[in-house]
$ cat my_file-v5.tsv   # TSV, C-alpha atoms and all ligand atoms
chain	number	residue	atom	x	y	z
A	1	SER	CA	-31.16	-34.94	72.67
A	2	ALA	CA	-30.09	-32.10	70.45
A	3	ALA	CA	-29.37	-28.51	71.45
A	4	LEU	CA	-31.99	-25.76	71.27
A	5	ARG	CA	-30.44	-24.26	68.16
A	6	GLN	CA	-30.83	-27.47	66.18
A	7	HIS	CA	-34.50	-27.79	67.05
A	8	ALA	CA	-35.10	-24.11	66.31
A	9	ALA	CA	-33.32	-24.33	62.96
A	10	ALA	CA	-35.43	-27.33	61.99
A	11	ARG	CA	-38.49	-25.17	62.66
A	12	GLY	CA	-37.08	-22.26	60.65
A	13	LYS	CA	-36.73	-20.07	63.76
A	14	PHE	CA	-33.82	-18.63	65.70
A	15	ILE	CA	-33.24	-19.21	69.39
A	16	GLY	CA	-31.07	-16.46	70.79
A	17	ALA	CA	-29.40	-15.28	73.96
A	18	ALA	CA	-28.15	-11.91	75.12
A	19	LEU	CA	-24.49	-12.13	76.09
A	20	ALA	CA	-22.44	-10.03	78.49
A	21	THR	CA	-18.80	-9.34	77.73
A	22	GLY	CA	-17.50	-10.11	81.24
A	23	PRO	CA	-18.51	-13.76	81.49
A	24	LEU	CA	-17.85	-14.17	77.77
A	25	ALA	CA	-14.21	-13.33	78.45
A	26	ASN	CA	-13.89	-15.11	81.81
A	27	GLU	CA	-16.07	-18.22	82.03
A	28	SER	CA	-15.69	-21.27	79.81
A	29	ALA	CA	-19.02	-22.76	80.98
A	30	TYR	CA	-20.74	-19.57	79.83
A	31	ARG	CA	-19.01	-19.67	76.45
A	32	ASP	CA	-19.65	-23.38	75.94
A	33	ILE	CA	-23.41	-23.19	76.55
A	34	ALA	CA	-23.77	-19.96	74.59
A	35	ALA	CA	-22.02	-21.55	71.60
A	36	ALA	CA	-23.80	-24.88	71.75
A	37	GLU	CA	-27.40	-23.90	72.42
A	38	PHE	CA	-28.10	-20.66	70.55
A	39	ASN	CA	-27.94	-19.54	66.92
A	40	GLN	CA	-28.57	-15.82	67.40
A	41	ILE	CA	-26.77	-13.43	69.77
A	42	THR	CA	-27.63	-10.00	71.13
A	43	ALA	CA	-25.09	-7.91	73.04
A	44	GLU	CA	-26.65	-7.27	76.44
A	45	ASN	CA	-24.89	-3.91	76.76
A	46	ALA	CA	-21.87	-3.73	74.44
A	47	MET	CA	-23.57	-2.07	71.46
A	48	LYS	CA	-25.43	0.60	73.43
A	49	TRP	CA	-24.55	4.25	72.95
A	50	ASP	CA	-22.65	4.62	76.25
A	51	ALA	CA	-20.42	1.70	75.19
A	52	THR	CA	-19.92	2.66	71.54
A	53	GLU	CA	-19.69	6.48	71.62
A	54	PRO	CA	-18.91	7.56	75.18
A	55	SER	CA	-17.81	10.97	74.04
A	56	GLN	CA	-18.79	12.68	70.82
A	57	GLY	CA	-17.04	11.26	67.78
A	58	ARG	CA	-14.93	8.80	69.78
A	59	PHE	CA	-16.24	5.38	68.83
A	60	THR	CA	-15.19	2.32	70.82
A	61	PHE	CA	-16.10	-1.14	69.58
A	62	THR	CA	-14.06	-3.40	71.84
A	63	GLY	CA	-17.03	-5.04	73.54
A	64	ALA	CA	-19.23	-5.02	70.46
A	65	ASP	CA	-16.50	-6.67	68.39
A	66	ALA	CA	-15.95	-9.33	71.07
A	67	VAL	CA	-19.60	-10.32	70.86
A	68	VAL	CA	-19.66	-10.26	67.06
A	69	ASP	CA	-16.43	-12.27	66.84
A	70	PHE	CA	-17.80	-14.90	69.23
A	71	ALA	CA	-20.98	-15.21	67.20
A	72	ALA	CA	-19.14	-15.45	63.90
A	73	ALA	CA	-16.83	-18.14	65.29
A	74	ASN	CA	-19.87	-20.18	66.32
A	75	GLY	CA	-21.99	-19.76	63.22
A	76	GLN	CA	-24.46	-17.46	64.97
A	77	GLN	CA	-26.24	-14.37	63.74
A	78	VAL	CA	-26.11	-11.08	65.65
A	79	HIS	CA	-29.05	-8.81	66.38
A	80	GLY	CA	-27.74	-5.28	67.00
A	81	HIS	CA	-29.10	-3.65	70.16
A	82	THR	CA	-29.75	-0.71	70.30
A	83	LEU	CA	-29.22	2.54	68.39
A	84	VAL	CA	-31.61	5.12	69.87
A	85	TRP	CA	-32.81	4.72	73.45
A	86	HIS	CA	-33.39	7.07	76.39
A	87	SER	CA	-31.29	4.90	78.70
A	88	GLN	CA	-27.55	4.12	78.68
A	89	THR	CA	-26.99	7.18	76.50
A	90	PRO	CA	-24.24	9.58	77.56
A	91	GLY	CA	-24.98	12.97	79.06
A	92	TRP	CA	-23.30	14.73	76.16
A	93	VAL	CA	-26.07	13.54	73.85
A	94	GLN	CA	-28.83	14.50	76.24
A	95	SER	CA	-27.62	18.06	76.61
A	96	LEU	CA	-27.42	18.88	72.89
A	97	GLY	CA	-29.83	21.28	71.24
A	98	ALA	CA	-32.23	20.02	68.59
A	99	THR	CA	-30.11	20.55	65.47
A	100	ALA	CA	-26.99	19.09	67.05
A	101	MET	CA	-28.89	16.20	68.62
A	102	ARG	CA	-30.43	15.18	65.31
A	103	ALA	CA	-27.03	15.32	63.64
A	104	ALA	CA	-25.43	13.31	66.46
A	105	MET	CA	-28.14	10.67	66.19
A	106	ARG	CA	-27.62	10.31	62.46
A	107	GLU	CA	-23.85	10.15	62.83
A	108	HIS	CA	-24.05	7.57	65.62
A	109	ILE	CA	-26.29	5.36	63.49
A	110	ALA	CA	-24.07	5.80	60.43
A	111	GLN	CA	-20.95	4.80	62.37
A	112	VAL	CA	-22.34	1.90	64.41
A	113	VAL	CA	-24.47	0.30	61.70
A	114	GLY	CA	-21.82	1.12	59.10
A	115	ARG	CA	-19.14	-0.73	61.03
A	116	TYR	CA	-21.03	-4.02	60.67
A	117	ALA	CA	-22.83	-3.41	57.39
A	118	ASP	CA	-20.53	-5.76	55.48
A	119	ASP	CA	-20.25	-8.29	58.30
A	120	PRO	CA	-22.42	-11.27	57.41
A	121	ALA	CA	-23.01	-12.11	61.08
A	122	VAL	CA	-24.85	-8.87	61.87
A	123	VAL	CA	-28.28	-9.12	60.31
A	124	SER	CA	-30.66	-6.83	62.20
A	125	TRP	CA	-30.92	-3.83	64.53
A	126	ASP	CA	-33.16	-2.45	67.19
A	127	VAL	CA	-33.23	1.06	65.72
A	128	VAL	CA	-35.41	2.62	68.40
A	129	ASN	CA	-36.11	1.12	71.81
A	130	GLU	CA	-38.92	1.86	74.27
A	131	VAL	CA	-40.39	4.95	72.58
A	132	PHE	CA	-43.75	4.52	74.34
A	133	ASP	CA	-44.84	5.16	77.89
A	134	ASP	CA	-46.85	2.50	79.68
A	135	SER	CA	-50.26	3.88	78.70
A	136	GLY	CA	-49.39	4.08	75.00
A	137	GLY	CA	-48.40	7.73	74.71
A	138	MET	CA	-45.02	8.75	73.43
A	139	ARG	CA	-42.42	8.47	76.16
A	140	THR	CA	-41.33	11.97	77.13
A	141	SER	CA	-37.65	11.15	76.82
A	142	PHE	CA	-34.96	13.66	75.93
A	143	TRP	CA	-35.27	12.41	72.35
A	144	TYR	CA	-38.97	13.19	72.16
A	145	ASN	CA	-38.73	16.38	74.17
A	146	THR	CA	-35.95	17.79	72.02
A	147	LEU	CA	-36.78	16.46	68.55
A	148	GLY	CA	-40.44	15.49	68.61
A	149	GLU	CA	-41.75	12.24	67.19
A	150	SER	CA	-39.87	12.70	63.91
A	151	TYR	CA	-36.70	11.33	65.48
A	152	ILE	CA	-38.17	7.84	65.02
A	153	ALA	CA	-38.57	8.07	61.24
A	154	ASP	CA	-35.21	9.80	60.98
A	155	ALA	CA	-33.49	6.99	62.87
A	156	PHE	CA	-34.93	4.30	60.61
A	157	ARG	CA	-33.94	6.21	57.48
A	158	ALA	CA	-30.40	6.67	58.77
A	159	ALA	CA	-30.12	2.97	59.59
A	160	ARG	CA	-31.38	1.97	56.14
A	161	ALA	CA	-28.85	4.26	54.53
A	162	ALA	CA	-26.03	2.77	56.60
A	163	ASP	CA	-26.95	-0.85	55.81
A	164	PRO	CA	-29.57	-1.42	53.12
A	165	ASP	CA	-29.63	-5.16	53.89
A	166	ALA	CA	-30.16	-5.08	57.66
A	167	ARG	CA	-33.56	-5.83	59.12
A	168	LEU	CA	-34.67	-2.78	61.11
A	169	CYS	CA	-36.76	-3.21	64.24
A	170	ILE	CA	-38.72	-1.17	66.74
A	171	ASN	CA	-38.57	-2.79	70.18
A	172	ASP	CA	-40.51	-2.34	73.43
A	173	TYR	CA	-41.77	-4.02	76.62
A	174	ASN	CA	-45.28	-4.74	77.86
A	175	VAL	CA	-46.37	-5.06	74.24
A	176	GLU	CA	-46.45	-8.87	74.14
A	177	GLY	CA	-50.23	-9.14	74.50
A	178	ILE	CA	-53.03	-6.96	73.14
A	179	ASN	CA	-53.29	-3.82	75.28
A	180	ALA	CA	-53.24	-0.03	74.94
A	181	LYS	CA	-49.46	0.11	74.57
A	182	SER	CA	-49.21	-2.62	71.93
A	183	THR	CA	-52.09	-1.01	70.04
A	184	ALA	CA	-50.21	2.31	70.07
A	185	MET	CA	-47.19	0.47	68.68
A	186	TYR	CA	-49.36	-1.16	66.04
A	187	ASN	CA	-50.72	2.21	64.97
A	188	LEU	CA	-47.25	3.76	64.82
A	189	VAL	CA	-45.80	0.92	62.74
A	190	ARG	CA	-48.74	1.07	60.35
A	191	THR	CA	-48.40	4.84	59.95
A	192	LEU	CA	-44.62	4.73	59.50
A	193	ARG	CA	-44.89	2.08	56.81
A	194	GLN	CA	-47.64	4.04	55.03
A	195	GLN	CA	-45.17	6.94	54.99
A	196	GLY	CA	-42.46	4.76	53.50
A	197	VAL	CA	-40.32	4.68	56.63
A	198	PRO	CA	-38.22	1.47	56.57
A	199	VAL	CA	-39.58	-0.42	59.58
A	200	ASP	CA	-39.11	-4.13	58.88
A	201	CYS	CA	-39.60	-5.73	62.20
A	202	VAL	CA	-41.26	-5.45	65.61
A	203	GLY	CA	-39.55	-6.74	68.74
A	204	PHE	CA	-41.51	-7.75	71.82
A	205	GLN	CA	-39.06	-7.70	74.70
A	206	GLY	CA	-40.86	-10.27	76.84
A	207	HIS	CA	-39.75	-9.33	80.34
A	208	LEU	CA	-42.46	-11.35	82.06
A	209	ALA	CA	-43.15	-12.24	85.69
A	210	ILE	CA	-45.07	-15.28	86.87
A	211	GLN	CA	-46.82	-13.30	89.60
A	212	TYR	CA	-48.42	-11.01	86.98
A	213	GLY	CA	-49.83	-13.78	84.80
A	214	PHE	CA	-49.17	-14.60	81.17
A	215	PRO	CA	-50.11	-11.76	78.78
A	216	GLY	CA	-53.40	-12.12	76.92
A	217	GLN	CA	-53.56	-12.88	73.19
A	218	VAL	CA	-49.83	-13.08	72.48
A	219	GLN	CA	-50.28	-15.06	69.29
A	220	GLN	CA	-53.07	-12.77	68.07
A	221	ASN	CA	-50.92	-9.74	68.83
A	222	MET	CA	-47.99	-11.12	66.85
A	223	GLN	CA	-50.33	-11.95	64.01
A	224	ARG	CA	-51.83	-8.47	63.74
A	225	PHE	CA	-48.33	-7.00	63.37
A	226	ALA	CA	-47.42	-9.72	60.88
A	227	ASP	CA	-50.49	-8.72	58.88
A	228	LEU	CA	-48.97	-5.24	58.49
A	229	GLY	CA	-46.12	-6.93	56.61
A	230	VAL	CA	-43.45	-6.80	59.29
A	231	GLN	CA	-41.43	-9.60	60.80
A	232	VAL	CA	-41.97	-10.10	64.52
A	233	ARG	CA	-39.75	-11.59	67.21
A	234	VAL	CA	-39.38	-11.94	70.96
A	235	THR	CA	-36.19	-10.08	71.75
A	236	GLU	CA	-35.49	-10.15	75.50
A	237	LEU	CA	-37.43	-13.00	77.04
A	238	ASP	CA	-37.04	-13.62	80.77
A	239	ILE	CA	-39.65	-14.78	83.23
A	240	ARG	CA	-38.93	-13.73	86.77
A	241	MET	CA	-40.39	-14.85	90.06
A	242	VAL	CA	-40.52	-13.55	93.61
A	243	MET	CA	-37.67	-15.23	95.43
A	244	PRO	CA	-37.06	-17.77	96.85
A	245	ARG	CA	-37.35	-20.09	93.91
A	246	ASP	CA	-39.32	-23.32	94.42
A	247	ALA	CA	-40.56	-26.25	92.31
A	248	SER	CA	-44.02	-24.83	91.89
A	249	LYS	CA	-42.72	-21.47	90.61
A	250	ASP	CA	-40.29	-23.29	88.32
A	251	ALA	CA	-43.19	-25.24	86.85
A	252	THR	CA	-45.25	-22.10	86.24
A	253	GLN	CA	-42.24	-20.39	84.70
A	254	ALA	CA	-41.74	-23.38	82.39
A	255	THR	CA	-45.31	-23.06	81.10
A	256	TYR	CA	-44.73	-19.36	80.33
A	257	TYR	CA	-41.58	-20.20	78.36
A	258	ARG	CA	-43.45	-22.97	76.54
A	259	ASP	CA	-46.40	-20.71	75.71
A	260	THR	CA	-44.10	-17.99	74.39
A	261	VAL	CA	-42.31	-20.44	72.10
A	262	ASN	CA	-45.61	-21.88	70.92
A	263	ALA	CA	-46.98	-18.42	70.06
A	264	CYS	CA	-43.93	-17.73	67.88
A	265	LEU	CA	-44.16	-21.13	66.25
A	266	ALA	CA	-47.81	-20.47	65.38
A	267	VAL	CA	-47.01	-17.22	63.53
A	268	THR	CA	-45.13	-17.64	60.26
A	269	ALA	CA	-43.69	-14.12	60.45
A	270	CYS	CA	-42.22	-14.73	63.91
A	271	ALA	CA	-38.51	-15.17	63.24
A	272	GLY	CA	-37.53	-16.45	66.66
A	273	ILE	CA	-37.00	-15.84	70.32
A	274	THR	CA	-34.05	-14.36	72.18
A	275	ILE	CA	-33.68	-14.96	75.90
A	276	TRP	CA	-32.17	-12.08	77.91
A	277	GLY	CA	-29.20	-14.13	79.08
A	278	PHE	CA	-29.44	-17.83	79.80
A	279	THR	CA	-28.07	-18.45	83.30
A	280	ASP	CA	-29.42	-17.04	86.56
A	281	LYS	CA	-25.78	-16.39	87.43
A	282	HIS	CA	-25.79	-13.44	85.02
A	283	SER	CA	-29.15	-11.69	84.83
A	284	TRP	CA	-30.27	-8.10	85.14
A	285	VAL	CA	-33.38	-9.14	87.07
A	286	PRO	CA	-32.16	-9.25	90.70
A	287	ASP	CA	-30.44	-5.88	90.26
A	288	THR	CA	-33.56	-4.28	88.78
A	289	PHE	CA	-36.59	-5.89	90.43
A	290	SER	CA	-36.14	-6.01	94.16
A	291	GLY	CA	-36.74	-9.46	95.68
A	292	GLN	CA	-37.13	-11.13	92.29
A	293	GLY	CA	-34.89	-13.39	90.22
A	294	ALA	CA	-34.39	-16.87	88.76
A	295	ALA	CA	-35.78	-15.64	85.43
A	296	LEU	CA	-33.67	-17.70	83.02
A	297	ILE	CA	-33.48	-21.29	81.74
A	298	TYR	CA	-30.26	-22.39	83.52
A	299	ASP	CA	-29.64	-21.97	87.23
A	300	GLU	CA	-26.65	-20.11	88.67
A	301	ASN	CA	-24.57	-23.31	88.41
A	302	TYR	CA	-25.32	-23.73	84.71
A	303	ARG	CA	-27.75	-26.59	85.30
A	304	PRO	CA	-30.79	-26.63	83.01
A	305	LYS	CA	-34.07	-25.81	84.76
A	306	PRO	CA	-37.61	-26.97	83.89
A	307	ALA	CA	-37.80	-23.86	81.72
A	308	TYR	CA	-34.97	-25.24	79.57
A	309	THR	CA	-36.85	-28.50	79.08
A	310	ALA	CA	-40.00	-26.56	78.23
A	311	VAL	CA	-38.24	-24.55	75.51
A	312	HIS	CA	-36.49	-27.65	74.22
A	313	ASP	CA	-39.67	-29.70	74.03
A	314	ALA	CA	-41.73	-26.92	72.48
A	315	LEU	CA	-39.19	-26.34	69.69
B	401	LIG	C1	-30.38	-4.10	80.61
B	401	LIG	C2	-29.16	-4.97	80.86
B	401	LIG	O1	-29.56	-6.31	80.97
B	401	LIG	C3	-28.44	-4.53	82.12
B	401	LIG	O2	-27.20	-5.23	82.25
B	401	LIG	C4	-28.17	-3.03	82.08
B	401	LIG	O3	-27.60	-2.62	83.32
B	401	LIG	C5	-29.45	-2.26	81.81
B	401	LIG	O4	-30.03	-2.73	80.62
B	401	LIG	N1	-34.72	-3.38	78.04
B	401	LIG	C6	-33.69	-3.36	77.14
B	401	LIG	C7	-32.35	-3.86	77.55
B	401	LIG	O5	-33.90	-3.04	75.97
B	401	LIG	O6	-31.30	-3.19	76.90
B	401	LIG	C8	-32.15	-3.79	79.02
B	401	LIG	O7	-30.91	-4.42	79.35
B	401	LIG	C9	-33.31	-4.44	79.73
B	401	LIG	C10	-34.60	-3.73	79.43

$ encode --input "my_file-v5.tsv" --output "C-alpha cells"
Amino acid sequence: SAALRQHAAARGKFIGAALATGPLANESAYRDIAAAEFNQITAENAMKWDATEPSQGRFTFTGADAVVDFAAANGQQVHGHTLVWHSQTPGWVQSLGATAMRAAMREHIAQVVGRYADDPAVVSWDVVNEVFDDSGGMRTSFWYNTLGESYIADAFRAARAADPDARLCINDYNVEGINAKSTAMYNLVRTLRQQGVPVDCVGFQGHLAIQYGFPGQVQQNMQRFADLGVQVRVTELDIRMVMPRDASKDATQATYYRDTVNACLAVTACAGITIWGFTDKHSWVPDTFSGQGAALIYDENYRPKPAYTAVHDAL
C-alpha cells in the first residue's frame, strides 16, 4: 500500500518529519524512508540560532541548506524551525542589552528568513517558540526579561517583512488539549491578530507520553484556534513510553497516533502533522526524558511499528 505522503496528499494534508543532519548525511535507510514517506520536512536543529548565527553577524547555513536541498530534491516542503526561542540560542545574544538585543533579533530574522524567501521549498516558519510557562503565564526567558512581551509582535513583523509569502507560526508544547496554557495561547493569538500582528498559524508540538493519557479535547482546541482565522498544525509529534517497550504499550501508542491524525483530519484548518523524527534510532526522547523512549513510528532498525500502521490507516 502507498506511502504516508500519498495518503496525506489525497486528504489535502501534509505528513512531515523532523530530520537531523548527521543521519541525513550518513545513512541511506534514513534518507530513503524520509524521502518516500513524508512530504514536509522540519530541520530538527539545523535552523536554530546556535546553528545559523553562532557569533554575531556570522551566519552559517551548511546544515540548514542540506535539509532544504534534500527536501527540494524530493518534492517536499520545508517548515522553518525556529527563529526566536530561549533555548539553543548563543550566549552572545543572551547577554545583550535591550536595544542591542531587539536589533539582533530583527537582524537574525531578516537574514535567516531572507535566505529562503525566494526558495519555493520553504513555506512557513516557527517565528516564536515556547513563549509560555506551564501555567499559562509568559515564560520568564531572557527575551521576556530583557524586552518584555513586545518581542513577540516584533518578531512576527520582522518575519513578514523578510518573506511576505511565508506562513508565520507560534509554536508551543502542552497546548494540544484545552487547558490553562492553551487558553493563554488562544488569548495571545486573538489579541495579536486584533492588533494586526501577522500571526498566520498555531503549532501544537505534540510531545505526548502514553503514561500521562491522551490530552482532552484536541479537536475542539484546534477548532477554536481555527475559528480565530489561523491555520493550525501538529509540529513535533512523538509519543513516548516508559521503557522497556512492549506490545501493549505499542498498541496504546498507536491509538494516540491515530487519534492525533483523526483530530487534524476533522479540522479543515489543520494543515498537517509533523513527527519529531521517524525512527527510534534517532530521537531526542531518551536523552531528555530519563527511562523513556520508543516514541516514533519506526523502530531503531527502521522497521515500521504499530504506530506507523495507525498513521497509515487513519490517513
Ligand atoms: C530538540 C531536538 O530534538 C534535540 O536534538 C535538541 O538537542 C534539543 O531540541 N521543542 C522544540 C524542539 O521546539 O526544537 C526541540 O528539539 C524539542 C522540544

$ residues_around --input "my_file-v5.tsv" --residues "segment 6-10 of chain A" --least-positions-apart "5" --cutoff "9 Å" --atoms "all atoms listed in the file" --output "number ranges by chain"
A: 15, 37-39, 272, 312-313, 315

$ closest_residue --input "my_file-v5.tsv" --among "A:Ala295, A:Trp284, A:Gln217, A:Ala314" --to "Pro244 of chain A" --atoms "all atoms listed in the file"
A:Ala295

$ closest_residue --input "my_file-v5.tsv" --among "A:Glu130, A:Asp154, A:Glu107, A:Asp280" --to "ligand LIG 401 (chain B)" --atoms "all atoms listed in the file"
A:Glu130

$ residues_near_ligand --input "my_file-v5.tsv" --ligand "ligand LIG 401 (chain B)" --cutoff "7 Å" --atoms "all atoms listed in the file" --output "compact mmCIF listing (two decimals) with C-alpha atoms, keeping the file's coordinate frame"
# COMPACT_ATOMS: atom_id res chain seq x y z
CA GLU A 44 -26.65 -7.27 76.44
CA ASN A 45 -24.89 -3.91 76.76
CA ASN A 129 -36.11 1.12 71.81
CA GLN A 205 -39.06 -7.70 74.70
CA SER A 283 -29.15 -11.69 84.83
CA TRP A 284 -30.27 -8.10 85.14

$ closest_residue --input "my_file-v5.tsv" --among "A:Gln253, A:Asn174, A:Gln231, A:Asn187" --to "Lys13 of chain A" --atoms "only C-alpha atoms"
A:Gln231

$ residues_around --input "my_file-v5.tsv" --residues "Asn221 of chain A" --least-positions-apart "2" --cutoff "12 Å" --atoms "only C-alpha atoms" --output "VMD selection string"
chain A and resid 174 to 183 185 to 186 202 to 204 215 to 219 223 to 228 232 to 234 263 to 264 266 to 267 269 to 270

$ axis_aligned_box --input "my_file-v5.tsv" --around "segment 141-151 of chain A" --padding-each-side "8 Å" --output "AutoDock Vina command-line options"
--center_x -38.4 --center_y 14.5 --center_z 70.4 --size_x 22.8 --size_y 22.6 --size_z 28.9

$ closest_residue --input "my_file-v5.tsv" --among "A:Asp172, A:Ile33, A:Asp69, A:Asn301" --to "Gly136 of chain A" --atoms "all atoms listed in the file"
A:Asp172

$ atom_distance --input "my_file-v5.tsv" --atom1 "atom CA of Asp119 of chain A" --atom2 "atom CA of Gln77 of chain A"
10.1 Å

$ closest_residue --input "my_file-v5.tsv" --among "A:Thr252, A:Thr274, A:Thr99, A:Thr309" --to "Gly148 of chain A" --atoms "all atoms listed in the file"
A:Thr99

$ atom_distance --input "my_file-v5.tsv" --atom1 "atom CA of Thr140 of chain A" --atom2 "atom CA of Pro90 of chain A"
17.3 Å

$ closest_residue --input "my_file-v5.tsv" --among "A:Thr255, A:Gly12, A:Glu149, A:Asp287" --to "Thr268 of chain A" --atoms "all atoms listed in the file"
A:Gly12

$ atom_distance --input "my_file-v5.tsv" --atom1 "atom CA of Leu96 of chain A" --atom2 "atom CA of Phe142 of chain A"
9.7 Å

$ closest_atom_pairs --input "my_file-v5.tsv" --of "segment 81-160 of chain A" --to "segment 46-65 of chain A" --cutoff "9 Å" --atoms "all atoms listed in the file" --output "CSV"
residue,atom,partner,partner_atom,distance
A:His81,CA,A:Met47,CA,5.9
A:Thr82,CA,A:Lys48,CA,5.5
A:Leu83,CA,A:Lys48,CA,6.6
A:Val84,CA,A:Trp49,CA,7.8
A:Trp85,CA,A:Trp49,CA,8.3
A:Ser87,CA,A:Trp49,CA,8.9
A:Gln88,CA,A:Asp50,CA,5.5
A:Thr89,CA,A:Asp50,CA,5.0
A:Pro90,CA,A:Asp50,CA,5.4
A:Gly91,CA,A:Ser55,CA,9.0
A:Trp92,CA,A:Ser55,CA,7.0
A:Val93,CA,A:Gln56,CA,7.9
A:Ala104,CA,A:Gln56,CA,8.0
A:Glu107,CA,A:Gly57,CA,8.5
A:His108,CA,A:Glu53,CA,7.5
A:Gln111,CA,A:Phe59,CA,8.0
A:Val112,CA,A:Thr52,CA,7.6

$ write_last_selection --input "my_file-v5.tsv" --atoms "C-alpha atoms" --output "PDB file, in the coordinates of the input"
ATOM      1  CA  HIS A  81     -29.100  -3.650  70.160  1.00  0.00           C
ATOM      2  CA  THR A  82     -29.750  -0.710  70.300  1.00  0.00           C
ATOM      3  CA  LEU A  83     -29.220   2.540  68.390  1.00  0.00           C
ATOM      4  CA  VAL A  84     -31.610   5.120  69.870  1.00  0.00           C
ATOM      5  CA  TRP A  85     -32.810   4.720  73.450  1.00  0.00           C
ATOM      6  CA  SER A  87     -31.290   4.900  78.700  1.00  0.00           C
ATOM      7  CA  GLN A  88     -27.550   4.120  78.680  1.00  0.00           C
ATOM      8  CA  THR A  89     -26.990   7.180  76.500  1.00  0.00           C
ATOM      9  CA  PRO A  90     -24.240   9.580  77.560  1.00  0.00           C
ATOM     10  CA  GLY A  91     -24.980  12.970  79.060  1.00  0.00           C
ATOM     11  CA  TRP A  92     -23.300  14.730  76.160  1.00  0.00           C
ATOM     12  CA  VAL A  93     -26.070  13.540  73.850  1.00  0.00           C
ATOM     13  CA  ALA A 104     -25.430  13.310  66.460  1.00  0.00           C
ATOM     14  CA  GLU A 107     -23.850  10.150  62.830  1.00  0.00           C
ATOM     15  CA  HIS A 108     -24.050   7.570  65.620  1.00  0.00           C
ATOM     16  CA  GLN A 111     -20.950   4.800  62.370  1.00  0.00           C
ATOM     17  CA  VAL A 112     -22.340   1.900  64.410  1.00  0.00           C
TER      18      VAL A 112
END

$ residues_around --input "my_file-v5.tsv" --residues "Met243 of chain A" --least-positions-apart "4" --cutoff "10 Å" --atoms "all atoms listed in the file" --output "VMD selection string"
chain A and resid 249 286 290 to 294

$ write_last_selection --input "my_file-v5.tsv" --atoms "C-alpha atoms" --output "PDB file, in the frame of the given file"
ATOM      1  CA  LYS A 249     -42.720 -21.470  90.610  1.00  0.00           C
ATOM      2  CA  PRO A 286     -32.160  -9.250  90.700  1.00  0.00           C
ATOM      3  CA  SER A 290     -36.140  -6.010  94.160  1.00  0.00           C
ATOM      4  CA  GLY A 291     -36.740  -9.460  95.680  1.00  0.00           C
ATOM      5  CA  GLN A 292     -37.130 -11.130  92.290  1.00  0.00           C
ATOM      6  CA  GLY A 293     -34.890 -13.390  90.220  1.00  0.00           C
ATOM      7  CA  ALA A 294     -34.390 -16.870  88.760  1.00  0.00           C
TER       8      ALA A 294
END

$ residues_near_point --input "my_file-v5.tsv" --point "(-27.5, -3.8, 52.3)" --cutoff "12 Å" --atoms "only C-alpha atoms" --output "list in words"
Val113, Gly114, Tyr116, Ala117, Asp118, Asp119, Pro120, Val122, Val123, Ser124, Ala159, Arg160, Ala161, Ala162, Asp163, Pro164, Asp165, Ala166, Arg167 and Leu168 of chain A

$ residues_around --input "my_file-v5.tsv" --residues "Ala247 of chain A" --least-positions-apart "6" --cutoff "12 Å" --atoms "all atoms listed in the file" --output "VMD selection string"
chain A and resid 241 253 to 254 294 305 to 307

$ build_atoms --input "my_file-v5.tsv" --residues "segment 47-58 of chain A" --atoms "N, CA and C atoms" --output "PDB file, keeping the file's coordinate frame"
ATOM      1  N   MET A  47     -23.321  -2.896  72.649  1.00  0.00           N
ATOM      2  CA  MET A  47     -23.570  -2.070  71.460  1.00  0.00           C
ATOM      3  C   MET A  47     -24.358  -0.811  71.786  1.00  0.00           C
ATOM      4  N   LYS A  48     -24.661  -0.596  73.046  1.00  0.00           N
ATOM      5  CA  LYS A  48     -25.430   0.600  73.430  1.00  0.00           C
ATOM      6  C   LYS A  48     -24.568   1.855  73.273  1.00  0.00           C
ATOM      7  N   TRP A  49     -25.239   2.989  73.263  1.00  0.00           N
ATOM      8  CA  TRP A  49     -24.550   4.250  72.950  1.00  0.00           C
ATOM      9  C   TRP A  49     -23.433   4.538  73.958  1.00  0.00           C
ATOM     10  N   ASP A  50     -23.688   4.294  75.253  1.00  0.00           N
ATOM     11  CA  ASP A  50     -22.650   4.620  76.250  1.00  0.00           C
ATOM     12  C   ASP A  50     -21.401   3.761  76.064  1.00  0.00           C
ATOM     13  N   ALA A  51     -21.571   2.574  75.458  1.00  0.00           N
ATOM     14  CA  ALA A  51     -20.420   1.700  75.190  1.00  0.00           C
ATOM     15  C   ALA A  51     -19.732   2.053  73.876  1.00  0.00           C
ATOM     16  N   THR A  52     -20.485   2.494  72.882  1.00  0.00           N
ATOM     17  CA  THR A  52     -19.920   2.660  71.540  1.00  0.00           C
ATOM     18  C   THR A  52     -19.505   4.086  71.187  1.00  0.00           C
ATOM     19  N   GLU A  53     -20.105   5.087  71.883  1.00  0.00           N
ATOM     20  CA  GLU A  53     -19.690   6.480  71.620  1.00  0.00           C
ATOM     21  C   GLU A  53     -19.748   7.261  72.940  1.00  0.00           C
ATOM     22  N   PRO A  54     -18.839   6.950  73.846  1.00  0.00           N
ATOM     23  CA  PRO A  54     -18.910   7.560  75.180  1.00  0.00           C
ATOM     24  C   PRO A  54     -18.686   9.065  75.165  1.00  0.00           C
ATOM     25  N   SER A  55     -17.879   9.523  74.246  1.00  0.00           N
ATOM     26  CA  SER A  55     -17.810  10.970  74.040  1.00  0.00           C
ATOM     27  C   SER A  55     -17.947  11.223  72.544  1.00  0.00           C
ATOM     28  N   GLN A  56     -18.350  12.432  72.200  1.00  0.00           N
ATOM     29  CA  GLN A  56     -18.790  12.680  70.820  1.00  0.00           C
ATOM     30  C   GLN A  56     -17.675  12.423  69.814  1.00  0.00           C
ATOM     31  N   GLY A  57     -17.975  11.549  68.853  1.00  0.00           N
ATOM     32  CA  GLY A  57     -17.040  11.260  67.780  1.00  0.00           C
ATOM     33  C   GLY A  57     -15.942  10.277  68.134  1.00  0.00           C
ATOM     34  N   ARG A  58     -15.916   9.827  69.384  1.00  0.00           N
ATOM     35  CA  ARG A  58     -14.930   8.800  69.780  1.00  0.00           C
ATOM     36  C   ARG A  58     -15.657   7.474  69.905  1.00  0.00           C
TER      37      ARG A  58
END
